[in-house]
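Heads up, the thing below is written out as C-alpha cells.
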Amino acid sequence: MTDNERTPMPETTLTPSEMSDLERQARIRDLNDHLRRHAHGGVWRVTTGIAGVQPEKTRQILKAVASFTDFNTDNDPWGEHDCAVMEVAGERIIWKIDYYDRSQTYLSPDPANPKVTLRVLTVMLAHEY
C-alpha cells in the first residue's frame, strides 16, 4: 500500500438508531481499531512527553499502539478498544481514544456514528495522565 492509498473505513448498513447495544459496541470498537491501526478516521495526538523522547523510541511507541491486540476484560471492560496502558521501549505509556463532536467543542452525541464524531487518539507517558 502506498502513502496515498487508505484502508476504507468500516461501514454498516444500519443507522445508529437501528443498532442494538451489542451492535453499537462492535461499531465503536471497529471504528476505534481502524483509527489505531491505520491512522484514518480521526486524529492521533502525542503529548509533549512522547514528543520529547528520542525519535526512534517515539516510532516504537506509535508502532506498538497501532499493533496492540491484548484487549481483555481488565483493560477493556466496555469492549470498545478505546484505551490501554503499555510498557514500550522502557517507557510506561497510556493511549486513549476520546469522542468529540465535529467542532471539537463537546463530546460526540453518538460515538458509533462517524458522521457526527471526531475520534482523537492521544498517546502519553503514564506520568502525564
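By convention in this document, the chains of the C-alpha cells carry letters A, B, ... by their order, each chain's residues are numbered from 1, and ligands are numbered from 1 in the order they are shown.
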
Pick out the residues sitting within 12 Å of Thr48 in chain A, and hand them over as an MDAnalysis selection string; count only C-alpha atoms, and ignore anything fewer than 5 positions along from it in its own chain.
chainID A and resid 53 58 122:125 127:129

Quick one: write out the picked residues with N, CA, C and O atoms as a compact mmCIF listing (two decimals), in the first residue's frame?
# COMPACT_ATOMS: atom_id res chain seq x y z
N VAL A 53 10.78 12.26 23.73
CA VAL A 53 11.69 11.11 23.78
C VAL A 53 12.42 11.00 22.44
O VAL A 53 12.05 11.65 21.46
N THR A 58 10.02 7.06 19.95
CA THR A 58 8.68 7.52 19.58
C THR A 58 8.10 6.61 18.50
O THR A 58 6.94 6.20 18.59
N THR A 122 -5.01 9.83 21.80
CA THR A 122 -3.92 10.52 22.49
C THR A 122 -2.97 9.50 23.06
O THR A 122 -3.40 8.55 23.72
N VAL A 123 -1.68 9.69 22.79
CA VAL A 123 -0.63 8.82 23.33
C VAL A 123 0.21 9.67 24.28
O VAL A 123 0.66 10.76 23.93
N MET A 124 0.39 9.16 25.52
CA MET A 124 1.11 9.92 26.53
C MET A 124 1.97 9.02 27.40
O MET A 124 1.74 7.80 27.45
N LEU A 125 2.95 9.61 28.05
CA LEU A 125 3.68 8.89 29.09
C LEU A 125 2.74 8.76 30.29
O LEU A 125 1.95 9.67 30.56
N HIS A 127 3.05 9.05 33.42
CA HIS A 127 3.11 10.08 34.46
C HIS A 127 2.47 11.39 34.03
O HIS A 127 2.23 12.27 34.86
N GLU A 128 2.13 11.53 32.75
CA GLU A 128 1.46 12.74 32.28
C GLU A 128 -0.06 12.68 32.48
O GLU A 128 -0.73 13.69 32.33
N TYR A 129 -0.59 11.52 32.81
CA TYR A 129 -2.05 11.37 32.90
C TYR A 129 -2.60 12.06 34.12
O TYR A 129 -2.19 12.07 35.18

Near range 93-101 of chain A, counting only C-alpha atoms, which residues have an atom at most 7 Å away, once you skip same-chain residues fewer than 5 positions from it, shown as a ChimeraX atom specification?
/A:82-87,106-109,111,116-126

Any chance you could export the current selection's N, CA, C and O atoms as a compact mmCIF listing (two decimals), in the first residue's frame?
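Dumped everything to result.txt:
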# COMPACT_ATOMS: atom_id res chain seq x y z
N ASP A 82 -10.75 1.24 23.45
CA ASP A 82 -10.55 2.69 23.49
C ASP A 82 -9.40 3.16 24.38
O ASP A 82 -9.14 4.37 24.43
N CYS A 83 -8.69 2.24 25.06
CA CYS A 83 -7.54 2.67 25.85
C CYS A 83 -6.71 1.47 26.27
O CYS A 83 -7.18 0.33 26.24
N ALA A 84 -5.47 1.76 26.66
CA ALA A 84 -4.58 0.72 27.19
C ALA A 84 -3.40 1.38 27.88
O ALA A 84 -3.04 2.53 27.59
N VAL A 85 -2.82 0.64 28.80
CA VAL A 85 -1.56 1.02 29.45
C VAL A 85 -0.55 -0.02 28.99
O VAL A 85 -0.82 -1.22 29.02
N MET A 86 0.61 0.45 28.54
CA MET A 86 1.61 -0.44 27.96
C MET A 86 3.01 -0.04 28.41
O MET A 86 3.24 1.12 28.76
N GLU A 87 3.91 -0.98 28.34
CA GLU A 87 5.33 -0.72 28.53
C GLU A 87 5.98 -0.89 27.15
O GLU A 87 5.89 -1.96 26.54
N TYR A 106 -17.77 19.81 22.07
CA TYR A 106 -18.47 18.97 23.03
C TYR A 106 -18.14 17.51 22.76
O TYR A 106 -17.54 17.17 21.74
N LEU A 107 -18.58 16.64 23.66
CA LEU A 107 -18.47 15.21 23.41
C LEU A 107 -19.41 14.83 22.27
O LEU A 107 -20.42 15.49 22.04
N SER A 108 -19.09 13.76 21.59
CA SER A 108 -19.92 13.31 20.48
C SER A 108 -21.30 12.89 20.98
O SER A 108 -21.41 12.22 22.01
N PRO A 109 -22.34 13.22 20.22
CA PRO A 109 -23.67 12.75 20.60
C PRO A 109 -23.84 11.25 20.32
O PRO A 109 -24.73 10.62 20.87
N PRO A 111 -20.92 8.16 19.47
CA PRO A 111 -19.62 7.65 19.04
C PRO A 111 -19.68 6.54 17.99
O PRO A 111 -18.69 6.27 17.32
N VAL A 116 -20.90 12.23 12.87
CA VAL A 116 -21.06 13.24 13.91
C VAL A 116 -19.94 13.18 14.95
O VAL A 116 -19.98 13.90 15.94
N THR A 117 -18.94 12.31 14.71
CA THR A 117 -17.90 12.07 15.71
C THR A 117 -16.51 12.29 15.14
O THR A 117 -16.19 11.79 14.06
N LEU A 118 -15.69 13.01 15.90
CA LEU A 118 -14.26 13.08 15.61
C LEU A 118 -13.56 12.27 16.70
O LEU A 118 -13.66 12.60 17.88
N ARG A 119 -12.88 11.21 16.30
CA ARG A 119 -12.10 10.39 17.23
C ARG A 119 -10.72 11.02 17.40
O ARG A 119 -10.09 11.38 16.41
N VAL A 120 -10.28 11.12 18.66
CA VAL A 120 -8.95 11.65 18.95
C VAL A 120 -8.22 10.61 19.78
O VAL A 120 -8.63 10.30 20.91
N LEU A 121 -7.16 10.04 19.21
CA LEU A 121 -6.33 9.08 19.90
C LEU A 121 -5.14 9.84 20.48
O LEU A 121 -4.37 10.44 19.74
N THR A 122 -5.01 9.83 21.80
CA THR A 122 -3.92 10.52 22.49
C THR A 122 -2.97 9.50 23.06
O THR A 122 -3.40 8.55 23.72
N VAL A 123 -1.68 9.69 22.79
CA VAL A 123 -0.63 8.82 23.33
C VAL A 123 0.21 9.67 24.28
O VAL A 123 0.66 10.76 23.93
N MET A 124 0.39 9.16 25.52
CA MET A 124 1.11 9.92 26.53
C MET A 124 1.97 9.02 27.40
O MET A 124 1.74 7.80 27.45
N LEU A 125 2.95 9.61 28.05
CA LEU A 125 3.68 8.89 29.09
C LEU A 125 2.74 8.76 30.29
O LEU A 125 1.95 9.67 30.56
N ALA A 126 2.83 7.65 30.98
CA ALA A 126 1.88 7.38 32.08
C ALA A 126 1.90 8.48 33.14
O ALA A 126 0.85 8.86 33.66

From a DSSP pass on the backbone, collect the residues of chain A flagged as strand (DSSP E or B) and hand them back as an MDAnalysis selection string.
chainID A and resid 42:46 83:88 91:100 107 118:125

Taking only C-alpha atoms into account, name the residue in A:Arg45, A:Arg29, A:Arg59, A:Arg24 that is nearest to Glu80 in chain A.
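Closest candidate: A:Arg29.
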
For a quick check of understanding, using only C-alpha atoms, which of A:His81, A:His40, A:Lys57, A:Lys115 has the smallest distance to Ile28 in chain A?
A:His81

Pick from A:Gly49, A:Arg37, A:Ser103, A:Asn113, whichever lies nearest to Glu23 in chain A using only C-alpha atoms:
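The answer is A:Asn113, which sits nearest to Glu23 in chain A.
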